[in-house]
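protein-v2.pdb follows (PDB, C-alpha atoms and all ligand atoms):
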```pdb
MODEL        1
ATOM      1  CA  MET N   1      30.423 143.499  58.206
ATOM      2  CA  THR N   2      33.831 143.588  59.915
ATOM      3  CA  PRO N   3      35.660 140.285  59.257
ATOM      4  CA  THR N   4      36.787 137.978  62.049
ATOM      5  CA  ILE N   5      38.612 139.736  64.878
ATOM      6  CA  ALA N   6      41.157 136.889  64.959
ATOM      7  CA  GLU N   7      43.809 138.590  62.880
ATOM      8  CA  GLN N   8      43.166 142.331  63.139
ATOM      9  CA  SER N   9      45.544 144.822  64.703
ATOM     10  CA  ALA N  10      45.029 146.157  68.226
ATOM     11  CA  ALA N  11      44.272 149.616  66.791
ATOM     12  CA  ASP N  12      41.567 148.185  64.510
ATOM     13  CA  LEU N  13      39.954 146.513  67.511
ATOM     14  CA  GLY N  14      39.633 149.690  69.568
ATOM     15  CA  GLY N  15      43.039 149.836  71.260
ATOM     16  CA  GLU N  16      44.353 148.476  74.568
ATOM     17  CA  GLY N  17      41.530 147.669  76.996
ATOM     18  CA  SER N  18      38.925 147.184  74.267
ATOM     19  CA  ILE N  19      36.492 144.335  74.837
ATOM     20  CA  LEU N  20      37.632 142.781  71.561
ATOM     21  CA  LEU N  21      41.275 142.601  72.612
ATOM     22  CA  ARG N  22      40.379 141.349  76.097
ATOM     23  CA  GLN N  23      38.212 138.608  74.580
ATOM     24  CA  ARG N  24      40.895 137.581  72.100
ATOM     25  CA  ARG N  25      43.520 137.407  74.866
ATOM     26  CA  ASP N  26      41.349 135.153  77.062
ATOM     27  CA  HIS N  27      40.525 132.911  74.095
ATOM     28  CA  ALA N  28      44.252 132.502  73.343
ATOM     29  CA  GLU N  29      44.932 131.623  76.986
ATOM     30  CA  LEU N  30      42.130 129.045  76.967
ATOM     31  CA  ASP N  31      43.546 127.537  73.795
ATOM     32  CA  ARG N  32      46.994 127.313  75.391
ATOM     33  CA  LEU N  33      45.633 125.674  78.571
ATOM     34  CA  MET N  34      43.518 123.128  76.646
ATOM     35  CA  ASN N  35      46.456 122.197  74.411
ATOM     36  CA  ALA N  36      48.707 121.785  77.457
ATOM     37  CA  TYR N  37      46.081 119.585  79.140
ATOM     38  CA  LEU N  38      45.721 117.339  76.091
ATOM     39  CA  ALA N  39      49.499 117.096  75.662
ATOM     40  CA  ALA N  40      50.172 116.327  79.322
ATOM     41  CA  ASP N  41      50.016 112.538  78.817
ATOM     42  CA  THR N  42      52.351 112.498  75.870
ATOM     43  CA  THR N  43      54.897 115.162  76.842
ATOM     44  CA  GLU N  44      58.263 113.526  77.405
ATOM     45  CA  THR N  45      59.081 113.890  81.059
ATOM     46  CA  SER N  46      60.858 112.130  83.871
ATOM     47  CA  ASP N  47      58.016 113.077  86.255
ATOM     48  CA  THR N  48      56.119 110.376  88.089
ATOM     49  CA  THR N  49      52.483 109.598  87.278
ATOM     50  CA  ASP N  50      51.431 111.476  90.434
ATOM     51  CA  ALA N  51      53.322 114.592  89.342
ATOM     52  CA  ILE N  52      51.721 114.466  85.883
ATOM     53  CA  ASP N  53      48.277 113.985  87.454
ATOM     54  CA  SER N  54      48.698 116.958  89.732
ATOM     55  CA  TYR N  55      50.020 119.135  86.861
ATOM     56  CA  ARG N  56      46.968 118.147  84.781
ATOM     57  CA  GLU N  57      44.648 118.839  87.714
ATOM     58  CA  ARG N  58      46.093 122.355  88.077
ATOM     59  CA  LEU N  59      45.558 122.956  84.353
ATOM     60  CA  TRP N  60      42.011 121.642  84.669
ATOM     61  CA  GLN N  61      41.211 124.011  87.542
ATOM     62  CA  ASP N  62      42.629 126.957  85.570
ATOM     63  CA  ILE N  63      40.541 126.005  82.522
ATOM     64  CA  VAL N  64      37.312 125.642  84.534
ATOM     65  CA  GLN N  65      37.815 128.973  86.323
ATOM     66  CA  LEU N  66      38.604 130.847  83.127
ATOM     67  CA  VAL N  67      35.781 129.267  81.094
ATOM     68  CA  PHE N  68      33.084 130.124  83.609
ATOM     69  CA  SER N  69      34.168 133.588  84.719
ATOM     70  CA  HIS N  70      34.689 134.569  81.048
ATOM     71  CA  ALA N  71      31.321 133.190  79.867
ATOM     72  CA  PHE N  72      29.357 134.583  82.832
ATOM     73  CA  ALA N  73      30.630 138.101  82.097
ATOM     74  CA  GLU N  74      29.674 137.663  78.433
ATOM     75  CA  GLU N  75      26.129 136.647  79.327
ATOM     76  CA  THR N  76      25.769 139.414  81.898
ATOM     77  CA  VAL N  77      27.434 142.331  80.109
ATOM     78  CA  LEU N  78      28.152 141.699  76.414
ATOM     79  CA  TRP N  79      25.237 139.793  74.958
ATOM     80  CA  PRO N  80      22.532 142.183  76.285
ATOM     81  CA  VAL N  81      24.417 145.015  74.533
ATOM     82  CA  LEU N  82      24.773 142.993  71.319
ATOM     83  CA  ARG N  83      21.030 142.240  71.321
ATOM     84  CA  ARG N  84      20.362 145.967  71.472
ATOM     85  CA  VAL N  85      22.825 147.161  68.845
ATOM     86  CA  SER N  86      22.578 144.437  66.172
ATOM     87  CA  PRO N  87      19.500 143.041  64.385
ATOM     88  CA  ALA N  88      21.229 139.628  64.320
ATOM     89  CA  GLY N  89      22.019 139.851  68.059
ATOM     90  CA  GLU N  90      19.070 137.784  69.278
ATOM     91  CA  ASP N  91      19.798 134.750  67.077
ATOM     92  CA  LEU N  92      23.563 134.890  67.548
ATOM     93  CA  THR N  93      23.463 135.234  71.318
ATOM     94  CA  ALA N  94      20.863 132.437  71.563
ATOM     95  CA  ARG N  95      23.346 130.188  69.728
ATOM     96  CA  VAL N  96      26.283 130.926  72.044
ATOM     97  CA  GLU N  97      24.040 130.630  75.105
ATOM     98  CA  GLU N  98      23.208 127.097  73.957
ATOM     99  CA  GLU N  99      26.937 126.400  73.629
ATOM    100  CA  HIS N 100      27.554 127.796  77.124
ATOM    101  CA  GLN N 101      24.750 125.623  78.523
ATOM    102  CA  ALA N 102      26.197 122.500  76.868
ATOM    103  CA  ILE N 103      29.665 123.344  78.282
ATOM    104  CA  ASN N 104      28.114 123.864  81.734
ATOM    105  CA  ASP N 105      26.356 120.488  81.567
ATOM    106  CA  LEU N 106      29.476 118.621  80.426
ATOM    107  CA  LEU N 107      31.847 120.219  82.918
ATOM    108  CA  ALA N 108      29.373 119.660  85.767
ATOM    109  CA  GLN N 109      29.321 115.985  84.754
ATOM    110  CA  VAL N 110      33.143 115.851  84.757
ATOM    111  CA  GLU N 111      33.362 117.567  88.153
ATOM    112  CA  LYS N 112      30.880 115.123  89.683
ATOM    113  CA  ALA N 113      32.499 112.023  88.157
ATOM    114  CA  ASP N 114      34.951 109.802  89.937
ATOM    115  CA  PRO N 115      38.509 110.795  88.864
ATOM    116  CA  ASP N 116      39.034 107.235  87.596
ATOM    117  CA  ASP N 117      35.820 107.136  85.569
ATOM    118  CA  PRO N 118      36.948 106.004  82.072
ATOM    119  CA  ARG N 119      34.324 108.289  80.423
ATOM    120  CA  ARG N 120      35.812 111.425  81.987
ATOM    121  CA  ARG N 121      38.453 111.940  79.299
ATOM    122  CA  ALA N 122      35.885 111.775  76.455
ATOM    123  CA  TRP N 123      33.642 114.315  78.252
ATOM    124  CA  ILE N 124      36.596 116.654  78.675
ATOM    125  CA  GLU N 125      37.512 116.380  74.987
ATOM    126  CA  ASP N 126      33.873 117.039  74.008
ATOM    127  CA  ALA N 127      33.863 120.115  76.274
ATOM    128  CA  PHE N 128      37.085 121.399  74.685
ATOM    129  CA  THR N 129      35.542 120.974  71.216
ATOM    130  CA  LEU N 130      32.543 123.053  72.348
ATOM    131  CA  VAL N 131      34.769 125.745  73.862
ATOM    132  CA  ARG N 132      36.695 126.005  70.585
ATOM    133  CA  GLN N 133      33.421 126.264  68.619
ATOM    134  CA  ASP N 134      32.231 128.995  71.007
ATOM    135  CA  ILE N 135      35.465 130.937  70.459
ATOM    136  CA  ARG N 136      35.101 130.708  66.665
ATOM    137  CA  ASP N 137      31.466 131.863  66.781
ATOM    138  CA  GLU N 138      32.396 134.824  68.953
ATOM    139  CA  GLU N 139      35.498 135.923  67.031
ATOM    140  CA  ASP N 140      33.950 135.386  63.580
ATOM    141  CA  GLU N 141      30.307 136.391  64.119
ATOM    142  CA  LEU N 142      29.386 138.133  67.373
ATOM    143  CA  LEU N 143      32.349 140.338  68.221
ATOM    144  CA  PRO N 144      32.697 141.808  64.691
ATOM    145  CA  ARG N 145      29.128 143.092  65.102
ATOM    146  CA  LEU N 146      30.101 144.896  68.305
ATOM    147  CA  ARG N 147      33.020 146.411  66.320
ATOM    148  CA  ASP N 148      30.532 147.624  63.684
ATOM    149  CA  ALA N 149      28.122 149.142  66.203
ATOM    150  CA  LEU N 150      30.430 150.762  68.766
ATOM    151  CA  GLY N 151      33.225 153.315  68.622
ATOM    152  CA  ASP N 152      36.706 152.790  70.090
ATOM    153  CA  ARG N 153      35.888 154.522  73.377
ATOM    154  CA  GLN N 154      32.705 152.538  73.792
ATOM    155  CA  LEU N 155      34.590 149.286  73.124
ATOM    156  CA  ARG N 156      37.092 150.205  75.851
ATOM    157  CA  ARG N 157      34.311 151.107  78.302
ATOM    158  CA  LEU N 158      32.565 147.835  77.578
ATOM    159  CA  GLY N 159      35.905 146.067  78.089
ATOM    160  CA  ALA N 160      36.289 147.627  81.539
ATOM    161  CA  ALA N 161      32.728 146.646  82.533
ATOM    162  CA  TRP N 162      33.184 143.081  81.283
ATOM    163  CA  GLU N 163      36.497 142.766  83.168
ATOM    164  CA  ALA N 164      34.919 144.067  86.403
ATOM    165  CA  VAL N 165      32.195 141.427  86.230
ATOM    166  CA  ARG N 166      34.603 138.669  85.168
ATOM    167  CA  ARG N 167      36.729 139.270  88.260
ATOM    168  CA  THR N 168      33.766 138.652  90.556
ATOM    169  CA  ALA N 169      31.975 135.974  88.524
ATOM    170  CA  PRO N 170      31.297 132.329  89.455
ATOM    171  CA  THR N 171      34.179 130.010  88.603
ATOM    172  CA  ARG N 172      32.435 126.618  88.633
ATOM    173  CA  PRO N 173      29.666 125.074  86.492
ATOM    174  CA  HIS N 174      26.096 125.961  87.542
ATOM    175  CA  PRO N 175      23.865 124.418  84.866
ATOM    176  CA  ALA N 176      20.643 125.459  86.633
ATOM    177  CA  VAL N 177      21.497 129.185  86.644
ATOM    178  CA  PRO N 178      19.702 131.017  83.787
ATOM    179  CA  ARG N 179      21.868 132.181  80.882
ATOM    180  CA  ARG N 180      20.281 135.665  80.724
ATOM    181  CA  PRO N 181      20.019 138.686  83.027
ATOM    182  CA  PRO N 182      18.636 139.495  85.463
ATOM    183  CA  GLY N 183      18.363 135.863  86.643
ATOM    184  CA  ASN N 184      21.989 134.978  85.928
ATOM    185  CA  ALA N 185      23.326 138.126  87.611
ATOM    186  CA  VAL N 186      21.288 137.649  90.776
ATOM    187  CA  LEU N 187      21.808 133.898  91.176
ATOM    188  CA  GLY N 188      25.201 133.498  89.518
ATOM    189  CA  VAL N 189      27.088 136.212  91.300
ATOM    190  CA  ALA N 190      25.609 135.156  94.620
ATOM    191  CA  LEU N 191      27.311 131.779  94.006
ATOM    192  CA  SER N 192      30.627 133.395  93.140
ATOM    193  CA  GLY N 193      31.803 133.731  96.751
ATOM    194  CA  PHE N 194      31.235 130.038  97.409
ATOM    195  CA  ASP N 195      33.008 129.050  94.202
ATOM    196  CA  ARG N 196      36.020 131.205  94.969
ATOM    197  CA  LEU N 197      36.343 129.973  98.526
ATOM    198  CA  ARG N 198      36.258 126.425  97.188
ATOM    199  CA  ASP N 199      38.898 127.293  94.574
ATOM    200  CA  LEU N 200      41.054 128.813  97.264
ATOM    201  CA  ALA N 201      40.865 125.670  99.357
ATOM    202  CA  ARG N 202      41.817 123.519  96.346
ATOM    203  CA  ALA N 203      44.491 125.464  94.618
ATOM    204  CA  ARG N 204      47.878 127.091  94.780
ATOM    205  CA  GLY N 205      49.478 129.446  92.256
ATOM    206  CA  PRO N 206      47.494 131.276  89.537
ATOM    207  CA  SER N 207      44.257 129.495  90.390
ATOM    208  CA  ALA N 208      44.478 130.553  94.010
ATOM    209  CA  ARG N 209      45.381 134.115  93.114
ATOM    210  CA  ARG N 210      42.402 134.412  90.768
ATOM    211  CA  ALA N 211      40.136 132.767  93.292
ATOM    212  CA  GLY N 212      41.356 135.003  96.068
ATOM    213  CA  LEU N 213      40.537 138.209  94.252
ATOM    214  CA  SER N 214      37.006 138.297  95.544
ATOM    215  CA  ALA N 215      36.508 135.327  97.803
ATOM    216  CA  GLY N 216      35.704 137.550 100.730
ATOM    217  CA  VAL N 217      33.341 139.949  99.023
ATOM    218  CA  PRO N 218      30.546 137.970  97.365
ATOM    219  CA  VAL N 219      27.801 140.375  98.386
ATOM    220  CA  VAL N 220      29.675 143.450  97.149
ATOM    221  CA  ALA N 221      30.500 141.536  93.972
ATOM    222  CA  ALA N 222      26.866 140.674  93.357
ATOM    223  CA  GLY N 223      25.754 144.259  93.784
ATOM    224  CA  ALA N 224      28.568 145.630  91.624
ATOM    225  CA  ALA N 225      27.915 143.183  88.803
ATOM    226  CA  VAL N 226      24.215 143.975  88.662
ATOM    227  CA  LEU N 227      24.909 147.734  88.645
ATOM    228  CA  VAL N 228      27.579 147.410  85.943
ATOM    229  CA  TRP N 229      25.276 145.283  83.846
ATOM    230  CA  ARG N 230      22.447 147.828  84.072
ATOM    231  CA  ALA N 231      24.755 150.750  83.245
ATOM    232  CA  VAL N 232      26.238 148.993  80.235
ATOM    233  CA  VAL N 233      22.878 147.936  78.846
ATOM    234  CA  ARG N 234      21.573 151.491  79.175
ATOM    235  CA  ARG N 235      24.742 152.823  77.535
ATOM    236  CA  GLY N 236      24.460 150.243  74.725
ATOM    237  CA  THR N 237      20.933 151.379  73.962
ATOM    238  CA  ARG N 238      22.027 155.009  73.938
ATOM    239  CA  CYS N 239      24.986 154.176  71.635
ATOM    240  CA  ARG N 240      22.638 152.664  69.104
ATOM    241  CA  ARG N 241      20.332 155.669  69.201
ATOM    242  CA  VAL N 242      23.259 158.097  68.781
ATOM    243  CA  ALA N 243      24.789 155.990  65.987
ATOM    244  CA  ALA N 244      21.427 155.962  64.210
ATOM    245  CA  ARG N 245      21.204 159.772  64.131
ATOM    246  CA  PRO N 246      22.125 161.195  60.701
ATOM    247  CA  GLY N 247      25.646 162.685  60.699
ATOM    248  CA  SER N 248      26.500 161.341  64.156
ATOM    249  CA  LYS N 249      30.170 160.483  64.916
ATOM    250  CA  ARG N 250      31.462 157.693  67.120
TER     251      ARG N 250
HETATM  252 FE    FE Z 301      34.541 134.725  74.666
HETATM  253 FE    FE Z 302      31.595 132.303  75.192
ENDMDL
END
```
Show me the file's structure as structure tokens.
Ligand SMILES: [Fe+2]
Ligand SMILES: [Fe+2]
Amino acid sequence: MTPTIAEQSAADLGGEGSILLRQRRDHAELDRLMNAYLAADTTETSDTTDAIDSYRERLWQDIVQLVFSHAFAEETVLWPVLRRVSPAGEDLTARVEEEHQAINDLLAQVEKADPDDPRRRAWIEDAFTLVRQDIRDEEDELLPRLRDALGDRQLRRLGAAWEAVRRTAPTRPHPAVPRRPPGNAVLGVALSGFDRLRDLARARGPSARRAGLSAGVPVVAAGAAVLVWRAVVRRGTRCRRVAARPGSKR
């Protein structure tokens, strides 16, 4: 099996636009944001406590938005394909879906808690630990199997489909939404418009720009995501059949 995608070249991962490179880039950004959040208390600064709190709150909003849009697009687009192209897909995707559910539950708890609740910090650190575990599982176990099963062009097509769904995905925790299609696509994307309007009301800067991308088009987003998901799943099944034919090329 292909080793971890963590240290391979862009060419080995299917080239610019490949799902593997897009995933790795988002994971690196999440890592950067979580480290910045954890360091915010200790970074030497002349800022007031209020300024530090608002900086940390902006980081928190960016983390929440990225975690949920990224994971929703995985559950809707990537994992159905992995289940069809890899014999280990069912077990591996069940494991990361459990991780996603645990992250959803924890972040929902943090969002509901009073900002001064002394338990909030421990919940956030637990959530970060789970996010890091999820990244390791994906880069070391799940994504290498997509590399094994799909050719470069297919990885880039899957990357484009995943990105399209990510841009219209929910950006807040919704623990009650199922982790698998079609339930997650129908319910989750319908919630996306509400999430993004709420983000827009809360945020300025990168958070607001990301939120604003589709705040006004939740219905179109829902329809597009479901269609993309269906097309990719069909294509994934076809890829596996073609790859299984003797003498077939990627
Ligand atoms: Fe990921
Ligand atoms: Fe994930």
- Residues at most 7 Å from ligand FE 301 (chain Z), using only C-alpha atoms and all ligand atoms? Could they come as a list in words? Gln23, His27, His70, Ala71, Glu74, Ile135 and Glu138 of chain N
- Would you write out, as a PyMOL selection string, every residue that the PyMOL selection byres (((chain N and resi 133) around 12) and not hetatm) captures in this file? chain N and resi 27+31+95-96+98-100+102-103+126-132+134-141
- Message: Report, in Å with one decimal, the straight-line distance from atom CA of N:Pro144 to atom CA of N:Thr2.
- Response: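 If I compute the distance from atom CA of N:Pro144 to atom CA of N:Thr2, I get 5.2 Å.
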- Message: Let me make sure I understand: among N:Phe72, N:Gly151, N:Asp91, N:Gln65, which one has the smallest atom-to-atom distance to N:Pro178 if we use all atoms listed in the file?
- Response: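 Selected residue with least distance to N:Pro178: N:Phe72.
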- Could you tell me how far atom CA of N:Gln101 lies from atom CA of N:Pro175, in Å and to one decimal?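 Between atom CA of N:Gln101 and atom CA of N:Pro175 the gap works out to 6.5 Å.
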- Using all atoms listed in the file, the residue out of N:Leu92, N:Ile52, N:Leu158, N:Met1 with shortest distance to ligand FE 302 (chain Z) is N:Leu92
- Query: Of the candidates N:Arg166, N:Arg172, N:Arg157, N:Arg196, which shows the shortest atom-to-atom distance to N:Ser18, using all atoms listed in the file?
  - Reply: N:Arg157
